[in-house]
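Engineer: Input file: entry.txt. Contents: compact mmCIF, C-alpha atoms.
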```txt
# COMPACT_ATOMS: atom_id res chain seq x y z
CA MET A 201 -70.13 -163.00 137.94
CA GLN A 202 -67.03 -165.13 137.38
CA HIS A 203 -69.06 -167.42 135.14
CA ALA A 204 -70.30 -164.49 133.09
CA ALA A 205 -66.77 -163.17 132.60
CA TYR A 206 -65.52 -166.62 131.60
CA PHE A 207 -68.42 -167.01 129.19
CA TYR A 208 -67.75 -163.56 127.68
CA ILE A 209 -64.02 -164.27 127.17
CA ARG A 210 -64.74 -167.73 125.71
CA GLU A 211 -67.34 -166.35 123.29
CA SER A 212 -65.02 -163.51 122.26
CA LEU A 213 -62.25 -166.00 121.58
CA LEU A 214 -64.59 -168.16 119.50
CA ILE A 215 -65.79 -165.16 117.50
CA TYR A 216 -62.16 -164.04 117.00
CA ARG A 217 -61.17 -167.55 115.86
CA ASP A 218 -64.18 -167.69 113.55
CA MET A 219 -63.26 -164.30 112.07
CA ARG A 220 -59.72 -165.50 111.45
CA ASN A 221 -60.88 -168.77 109.89
CA LYS A 222 -63.62 -167.30 107.69
CA GLN A 223 -62.29 -166.92 104.18
CA LYS A 224 -62.49 -163.54 102.52
CA LEU A 225 -61.91 -162.71 98.90
CA LYS A 226 -60.11 -159.62 97.72
CA SER A 227 -58.41 -158.50 94.54
CA ILE A 228 -56.05 -155.55 94.51
CA SER A 229 -54.47 -153.90 91.49
CA VAL A 230 -51.42 -151.94 92.54
CA LEU A 231 -48.72 -149.83 90.94
CA ILE A 232 -46.09 -151.44 93.14
CA PRO A 233 -43.08 -153.46 91.95
CA LEU A 234 -43.45 -157.21 92.19
CA GLN A 235 -40.47 -157.48 94.56
CA GLU A 236 -42.22 -155.26 97.12
CA VAL A 237 -45.45 -157.24 96.80
CA SER A 238 -43.58 -160.55 97.22
CA ALA A 239 -41.75 -159.21 100.28
CA SER A 240 -45.04 -158.19 101.92
CA ILE A 241 -46.52 -161.63 101.25
CA SER A 242 -43.45 -163.46 102.58
CA GLN A 243 -43.67 -161.50 105.83
CA LEU A 244 -47.01 -163.20 106.50
CA ASP A 245 -45.46 -166.71 106.36
CA PHE A 246 -46.73 -167.43 102.85
CA SER A 247 -44.45 -169.61 100.77
CA LEU A 248 -44.06 -169.83 97.00
CA ASP A 249 -46.10 -172.71 95.61
CA GLY A 250 -45.65 -172.34 91.86
CA ILE A 251 -45.30 -170.10 88.84
CA THR A 252 -46.98 -170.41 85.47
CA THR A 253 -47.26 -168.31 82.32
CA ILE A 254 -50.71 -167.23 81.28
CA VAL A 255 -52.11 -165.17 78.43
CA ALA A 256 -55.01 -162.86 79.20
CA GLU A 257 -56.27 -159.74 77.41
CA GLY A 258 -53.74 -160.47 74.66
CA LYS A 259 -50.81 -160.06 77.07
CA PHE A 260 -48.42 -162.52 78.66
CA TRP A 261 -48.50 -162.68 82.45
CA LYS A 262 -46.49 -164.48 85.09
CA ARG A 263 -48.87 -165.96 87.65
CA ILE A 264 -47.27 -166.67 91.02
CA LEU A 265 -49.05 -168.63 93.72
CA TYR A 266 -48.28 -168.29 97.44
CA VAL A 267 -49.80 -170.63 100.01
CA ASN A 268 -50.13 -170.64 103.78
CA GLY A 269 -52.31 -173.55 104.88
CA GLU A 270 -55.78 -173.01 103.43
CA GLU A 271 -55.01 -169.43 102.45
CA THR A 272 -53.76 -168.52 99.00
CA ILE A 273 -52.48 -165.38 97.34
CA SER A 274 -51.91 -165.21 93.61
CA VAL A 275 -49.96 -162.42 91.97
CA SER A 276 -50.20 -161.85 88.23
CA GLU A 277 -47.71 -159.54 86.59
CA GLU A 278 -47.35 -158.72 82.92
CA ILE A 279 -44.20 -160.10 81.29
CA GLY A 280 -42.09 -157.87 79.13
CA ASP A 281 -41.21 -154.20 78.97
CA ALA A 282 -44.70 -152.91 79.74
CA TYR A 283 -44.72 -149.76 81.85
CA PRO A 284 -46.16 -149.03 84.35
CA LYS A 285 -46.57 -152.54 85.75
CA ASP A 286 -49.51 -153.09 88.02
CA PRO A 287 -49.61 -156.61 89.41
CA ILE A 288 -53.01 -158.05 90.25
CA ILE A 289 -53.07 -159.57 93.73
CA THR A 290 -55.89 -161.98 94.49
CA ILE A 291 -56.27 -163.03 98.11
CA CYS A 292 -58.46 -165.83 99.39
CA GLY A 293 -57.75 -165.90 103.08
CA SER A 294 -58.71 -164.72 106.52
CA THR A 295 -59.81 -161.19 107.33
CA HIS A 296 -56.50 -160.84 109.16
CA THR A 297 -54.49 -161.70 106.02
CA VAL A 298 -56.53 -159.41 103.77
CA SER A 299 -56.17 -156.45 106.14
CA LYS A 300 -52.44 -157.10 106.74
CA ILE A 301 -51.65 -157.25 103.00
CA THR A 302 -53.76 -154.15 102.36
CA GLU A 303 -51.98 -152.31 105.20
CA GLU A 304 -48.56 -153.32 103.90
CA LEU A 305 -49.36 -152.16 100.39
CA GLN A 306 -50.87 -148.92 101.58
CA HIS A 307 -47.38 -147.76 102.51
CA TYR A 308 -46.75 -147.38 98.81
CA ALA A 309 -48.37 -144.84 96.53
CA GLY A 310 -50.81 -145.69 93.79
CA LEU A 311 -53.03 -148.13 95.63
CA ARG A 312 -56.39 -148.57 93.95
CA MET A 313 -58.87 -151.14 95.12
CA MET B 355 -78.70 -161.55 77.06
CA PRO B 356 -75.57 -159.43 77.47
CA VAL B 357 -72.19 -161.03 78.03
CA TYR B 358 -69.52 -158.94 79.73
CA GLU B 359 -65.81 -159.67 79.71
CA CYS B 360 -63.82 -158.97 82.88
CA ASN B 361 -60.17 -159.11 83.77
CA GLU B 362 -59.03 -161.07 86.85
CA HIS B 363 -59.24 -158.06 89.16
CA GLN B 364 -62.74 -157.12 88.00
CA PHE B 365 -64.04 -160.70 88.07
CA VAL B 366 -62.78 -161.42 91.60
CA GLU B 367 -64.04 -158.10 92.91
CA ASN B 368 -67.47 -158.72 91.33
CA ILE B 369 -67.63 -162.08 93.11
CA ARG B 370 -66.60 -160.45 96.37
CA ARG B 371 -69.43 -157.92 95.98
CA LEU B 372 -71.88 -160.73 95.32
CA ILE B 373 -70.71 -162.59 98.44
CA GLU B 374 -71.10 -159.45 100.53
CA THR B 375 -74.69 -158.92 99.37
CA SER B 376 -75.55 -162.55 100.25
CA GLN B 377 -76.77 -162.95 96.68
CA LYS B 378 -77.20 -166.56 95.59
CA PHE B 379 -75.04 -167.31 92.58
CA LEU B 380 -73.09 -170.03 90.88
CA VAL B 381 -69.67 -169.82 89.27
CA ASN B 382 -69.09 -171.97 86.19
CA ARG B 383 -65.63 -173.09 85.23
CA ARG B 384 -64.45 -174.68 82.01
CA ILE B 385 -60.92 -175.95 81.58
CA SER B 386 -59.99 -177.41 78.21
CA TRP B 387 -56.66 -178.17 76.63
CA HIS B 388 -55.78 -176.97 73.15
CA ASP B 389 -52.96 -177.47 70.72
CA ASP B 390 -54.16 -175.42 67.79
CA ALA B 391 -50.94 -173.52 66.96
CA LYS B 392 -52.27 -170.37 68.61
CA TYR B 393 -48.94 -169.89 70.39
CA GLY B 394 -45.50 -170.30 68.88
CA PRO B 395 -42.00 -169.30 70.00
CA ALA B 396 -41.76 -166.11 67.88
CA ILE B 397 -44.52 -164.30 69.78
CA LEU B 398 -43.25 -165.17 73.27
CA PRO B 399 -41.77 -162.31 75.30
CA ASP B 400 -38.01 -162.65 75.87
CA GLU B 401 -38.47 -163.86 79.45
CA GLU B 402 -40.61 -166.78 78.26
CA PHE B 403 -38.57 -167.43 75.11
CA ASN B 404 -35.44 -167.83 77.28
CA ARG B 405 -36.84 -171.20 78.35
CA TYR B 406 -36.34 -172.40 74.76
CA VAL B 407 -32.88 -170.92 74.08
CA ILE B 408 -31.14 -174.29 74.43
CA ILE B 409 -32.88 -175.47 71.27
CA CYS B 410 -34.09 -172.32 69.47
CA ILE B 411 -32.71 -168.96 68.40
CA ARG B 412 -34.26 -165.67 67.23
CA LYS B 413 -33.07 -162.08 66.80
CA SER B 414 -35.90 -160.41 68.68
CA LEU B 415 -39.60 -160.67 69.47
CA ARG B 416 -41.64 -161.55 66.34
CA SER B 417 -38.49 -162.52 64.40
CA THR B 418 -38.22 -165.89 62.72
CA VAL B 419 -37.29 -168.67 65.11
CA PHE B 420 -34.78 -171.30 63.96
CA THR B 421 -33.70 -174.46 65.69
CA LYS B 422 -30.20 -174.29 67.18
CA VAL B 423 -29.72 -178.02 67.55
CA PRO B 424 -31.58 -181.06 66.28
CA PHE B 425 -34.21 -182.08 68.80
CA ILE B 426 -37.25 -184.24 69.37
CA ASP B 427 -40.57 -182.69 70.35
CA ASP B 428 -41.80 -185.48 72.59
CA PHE B 429 -45.28 -184.02 73.00
CA HIS B 430 -46.03 -183.91 69.25
CA ARG B 431 -43.73 -186.84 68.39
CA ARG B 432 -41.90 -184.68 65.85
CA THR B 433 -38.20 -184.38 65.02
CA TYR B 434 -36.54 -181.12 64.02
CA ASP B 435 -33.19 -180.68 62.26
CA LYS B 436 -30.66 -177.95 63.00
CA GLY B 437 -31.48 -174.61 61.32
CA GLU B 438 -35.12 -175.44 60.69
CA ASN B 439 -37.63 -172.59 60.59
CA VAL B 440 -40.14 -173.33 63.35
CA HIS B 441 -41.99 -170.01 63.42
CA GLY B 442 -41.62 -167.54 60.57
CA SER B 443 -41.90 -163.79 61.10
CA GLY B 444 -44.07 -163.57 58.00
CA ASN B 445 -46.32 -166.32 59.23
CA LEU B 446 -46.85 -165.50 62.90
CA MET B 447 -50.40 -166.89 62.90
CA PHE B 448 -49.24 -170.32 61.83
CA PRO B 449 -46.25 -171.56 63.84
CA ARG B 450 -44.81 -174.94 62.92
CA MET B 451 -43.90 -175.49 66.54
CA SER B 452 -47.08 -175.22 68.55
CA ILE B 453 -47.15 -174.62 72.31
CA PRO B 454 -50.05 -176.45 73.96
CA TYR B 455 -52.16 -174.64 76.54
CA TYR B 456 -55.14 -174.87 78.85
CA LYS B 457 -58.00 -172.51 78.19
CA VAL B 458 -59.60 -171.54 81.49
CA GLU B 459 -62.98 -169.85 81.47
CA TYR B 460 -64.84 -168.60 84.52
CA SER B 461 -68.33 -167.21 84.28
CA VAL B 462 -71.06 -166.07 86.61
CA ASN B 463 -74.68 -165.29 85.76
CA VAL B 464 -76.36 -162.43 87.55
CA TRP B 465 -79.76 -161.00 86.68
CA GLY B 466 -79.71 -162.51 83.21
CA ALA B 467 -76.26 -161.20 82.30
CA THR B 468 -73.10 -163.28 82.05
CA TYR B 469 -69.80 -161.98 83.36
CA PHE B 470 -66.76 -163.95 82.31
CA PHE B 471 -63.04 -164.05 82.77
CA THR B 472 -60.85 -166.16 80.52
CA PHE B 473 -57.16 -166.89 80.19
CA ASP B 474 -54.80 -169.39 78.56
CA ALA B 475 -52.16 -171.17 80.66
CA LEU B 476 -49.19 -172.29 78.58
CA PHE B 477 -47.65 -175.70 79.16
CA ASP B 478 -44.20 -175.54 80.73
CA PRO B 479 -41.34 -176.49 78.39
CA HIS B 480 -38.88 -178.95 79.85
CA ILE B 481 -35.75 -179.65 77.79
CA VAL B 482 -33.63 -182.68 78.62
CA ILE B 483 -30.87 -184.67 76.93
CA GLU B 484 -31.88 -188.29 76.50
CA LYS B 485 -30.59 -191.34 74.74
CA ARG B 486 -32.93 -192.13 71.85
CA HIS B 487 -32.93 -194.59 68.98
CA GLY B 488 -34.81 -193.24 65.96
CA LYS B 489 -34.62 -193.12 62.19
CA ARG B 490 -33.53 -189.47 62.00
CA LEU B 491 -31.92 -188.98 65.40
CA SER B 492 -30.24 -191.45 67.65
CA GLY B 493 -27.85 -191.35 70.58
CA LEU B 494 -27.89 -188.46 73.03
CA VAL B 495 -30.38 -185.90 71.75
CA HIS B 496 -32.22 -182.86 73.06
CA VAL B 497 -35.82 -183.68 73.87
CA LEU B 498 -38.50 -181.05 74.35
CA LYS B 499 -41.28 -182.06 76.72
CA TYR B 500 -44.29 -180.04 77.81
CA ASN B 501 -45.64 -180.30 81.33
CA PRO B 502 -49.17 -179.09 81.95
CA PRO B 503 -49.41 -176.52 84.75
CA PRO B 504 -50.88 -177.98 87.95
CA ASP B 505 -54.56 -177.39 88.69
CA ARG B 506 -53.90 -175.15 91.66
CA LEU B 507 -52.17 -172.67 89.33
CA LEU B 508 -55.03 -172.72 86.86
CA THR B 509 -57.87 -172.13 89.21
CA LEU B 510 -59.04 -169.08 91.10
CA LYS B 511 -59.22 -169.95 94.77
CA LEU B 512 -62.65 -168.87 95.96
CA PRO B 513 -64.09 -169.05 99.48
CA THR B 514 -65.67 -172.38 100.38
CA ASN B 515 -69.17 -170.87 100.46
CA VAL B 516 -68.93 -170.09 96.71
CA MET B 517 -70.14 -172.98 94.58
CA VAL B 518 -68.05 -173.67 91.50
CA PHE B 519 -69.46 -176.00 88.84
CA ASP B 520 -67.21 -177.50 86.21
CA VAL B 521 -68.80 -177.53 82.78
CA LYS B 522 -67.81 -179.07 79.48
CA ASN B 523 -69.36 -176.48 77.25
CA MET B 524 -71.54 -173.41 77.41
CA ILE B 525 -74.25 -172.99 74.80
CA ARG B 526 -75.50 -169.45 74.57
CA VAL B 527 -79.24 -169.22 73.97
CA ILE B 528 -80.59 -166.07 72.36
CA ASP B 529 -83.48 -164.90 74.48
CA ASN B 530 -85.92 -163.12 72.16
CA SER B 531 -88.52 -162.64 74.86
CA SER B 532 -86.82 -159.44 75.99
CA TYR B 533 -87.74 -157.76 72.67
CA PHE B 534 -91.45 -157.96 73.42
```
Output the file's structure as structure tokens, nothing else.

Structural biologist:
Amino acid sequence: MQHAAYFYIRESLLIYRDMRNKQKLKSISVLIPLQEVSASISQLDFSLDGITTIVAEGKFWKRILYVNGEETISVSEEIGDAYPKDPIITICGSTHTVSKITEELQHYAGLRM
Amino acid sequence: MPVYECNEHQFVENIRRLIETSQKFLVNRRISWHDDAKYGPAILPDEEFNRYVIICIRKSLRSTVFTKVPFIDDFHRRTYDKGENVHGSGNLMFPRMSIPYYKVEYSVNVWGATYFFTFDALFDPHIVIEKRHGKRLSGLVHVLKYNPPPDRLLTLKLPTNVMVFDVKNMIRVIDNSSYF
């Protein structure tokens, strides 16, 4: 009985670890200011890795990369006076990270995924 | 064979859907550098143009850009004098001061259709004052350098189970068999 319980806990831990390590992909387009998005990302121990300027769809964008180990989050926001601004958040990380970011952003209106 | 253009959000979400359906697919990536005068300082938004204000001046977006000080463009090995027109408002398509960039193209083929996402990543301007000895300029002069953005900022990070192939070129073949 003890062995079975030990086996169950061990397997659950392995599955949990596997779920956390398995990389998920998610892109979110939100009507939330960049500062709020950056704050949510920083809360999850992600640090700024670099910024570059890109041109896509005939518009200039600031592409910001955040890294936490093997996980990455990139945020692209249009440069200039465009309104409304809807940064594109691309997450390649664990299920935990994807759900946490989604949860954080769901506190704000205008979430569309 | 149809070719569909996606933005970053659409492209990433399409890949996510493919991963979730356990569909076998391959992502192709092409990164090539260009310096074809597609981008010049006059068309840059103010936030980006501010990185050039030490050497250039303009009234507003799409106005003619003049040099503020004499400087050396180290990347193109070109020297500019003070007050030189480097990007005319009446000639926006042909700037004299070209900003190099990487063209990044991602594509995925599913059921005979190609879905692609493309963007250009501008090189980062870096302006320094250096001691130079040249015919036109010598002594301490402003030098404009361009640093290419690092790879990690150019690429889309995809899960490890997604295969990404780097390609040099993509030749589109017209498939006439579908007409019969």

Engineer: For chain B, work out the contacting residues on chain A at 6 Å, counting all atoms listed in the file, and write them as a list in words.

Structural biologist: Gln223, Leu225, Ser227, Thr253, Ile254, Val255, Ala256 and Gly280 of chain A

Engineer: Given the choices A:Thr290, A:Val230, A:Asp245, A:Glu236, which gets closest to A:Ser274 if the distance is worked out from all atoms listed in the file?

Structural biologist: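 Going through A:Thr290, A:Val230, A:Asp245, A:Glu236 one by one, the smallest distance to A:Ser274 is for A:Thr290.
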
Engineer: Would you list the contacts of B:Ala391 as a JSON list (two decimals) with C-alpha atoms, in the coordinates of the input, taking every protein, DNA or RNA residue within 9 Å and counting only C-alpha atoms, but skipping same-chain residues closer than 2 positions in sequence?

Structural biologist:
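So the final result, stored in selection_0.json, reads:
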```
[["chain", "number", "residue", "atom", "x", "y", "z"],
["B", 388, "HIS", "CA", -55.78, -176.97, 73.15],
["B", 389, "ASP", "CA", -52.96, -177.47, 70.72],
["B", 393, "TYR", "CA", -48.94, -169.89, 70.39],
["B", 394, "GLY", "CA", -45.50, -170.30, 68.88],
["B", 447, "MET", "CA", -50.40, -166.89, 62.90],
["B", 448, "PHE", "CA", -49.24, -170.32, 61.83],
["B", 449, "PRO", "CA", -46.25, -171.56, 63.84],
["B", 450, "ARG", "CA", -44.81, -174.94, 62.92],
["B", 451, "MET", "CA", -43.90, -175.49, 66.54],
["B", 452, "SER", "CA", -47.08, -175.22, 68.55],
["B", 453, "ILE", "CA", -47.15, -174.62, 72.31],
["B", 454, "PRO", "CA", -50.05, -176.45, 73.96]]
```

Engineer: Adding 5 Å on each side of the box along x, y and z that holds all listed atoms of stretch 266-278 of chain A, could you give its centre and edge lengths in Å to one decimal, as JSON?

Structural biologist:
```
{"center_x": -51.6, "center_y": -166.1, "center_z": 93.9, "size_x": 18.4, "size_y": 24.8, "size_z": 32.0}
```

Engineer: Write out as a PyMOL selection string each polymer residue whose atoms come within 12 Å of stretch 485-494 of chain B, counting all atoms listed in the file; drop sequence neighbours fewer than 5 positions from it.

Structural biologist: chain B and resi 423-428+431-436

Engineer: Could the residues in this selection be saved with C-alpha atoms as a compact mmCIF listing (two decimals), in the frame of the given file?

Structural biologist:
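Once written, part14.txt looks like this:
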```
# COMPACT_ATOMS: atom_id res chain seq x y z
CA VAL B 423 -29.72 -178.02 67.55
CA PRO B 424 -31.58 -181.06 66.28
CA PHE B 425 -34.21 -182.08 68.80
CA ILE B 426 -37.25 -184.24 69.37
CA ASP B 427 -40.57 -182.69 70.35
CA ASP B 428 -41.80 -185.48 72.59
CA ARG B 431 -43.73 -186.84 68.39
CA ARG B 432 -41.90 -184.68 65.85
CA THR B 433 -38.20 -184.38 65.02
CA TYR B 434 -36.54 -181.12 64.02
CA ASP B 435 -33.19 -180.68 62.26
CA LYS B 436 -30.66 -177.95 63.00
```

Engineer: When you draw a straight line from atom CA of B:Ser417 to atom CA of B:Ser443, how long is it in Å?

Structural biologist: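 Value for the atom CA of B:Ser417-atom CA of B:Ser443 distance: 4.9 Å.
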
Engineer: Extract, using all atoms listed in the file, all DNA, RNA and protein residues at most 10 Å from A:Gly269, discarding same-chain residues fewer than 5 positions from it, and format them as JSON, numbers by chain.

Structural biologist: {"A": [245, 246, 247, 293]}

Engineer: In Å to one decimal, how far is atom CA of B:Val440 from atom CA of B:Ile409?

Structural biologist: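 Atom CA of B:Val440 lies at a distance of 11.0 Å from atom CA of B:Ile409.
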
Engineer: Find the distance between atom CA of B:Asp390 and atom CA of B:Phe519 and write it in Å to one decimal.

Structural biologist: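 Between these atoms lies a distance of 26.0 Å.
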
Engineer: Can you pull out every residue within 8 Å of A:Val267, counting only C-alpha atoms, but drop anything in the same chain fewer than 2 positions away, and send it as a list in words?

Structural biologist: Phe246, Ser247, Leu248, Asp249, Leu265, Gly269, Glu270, Glu271, Thr272 and Ile273 of chain A
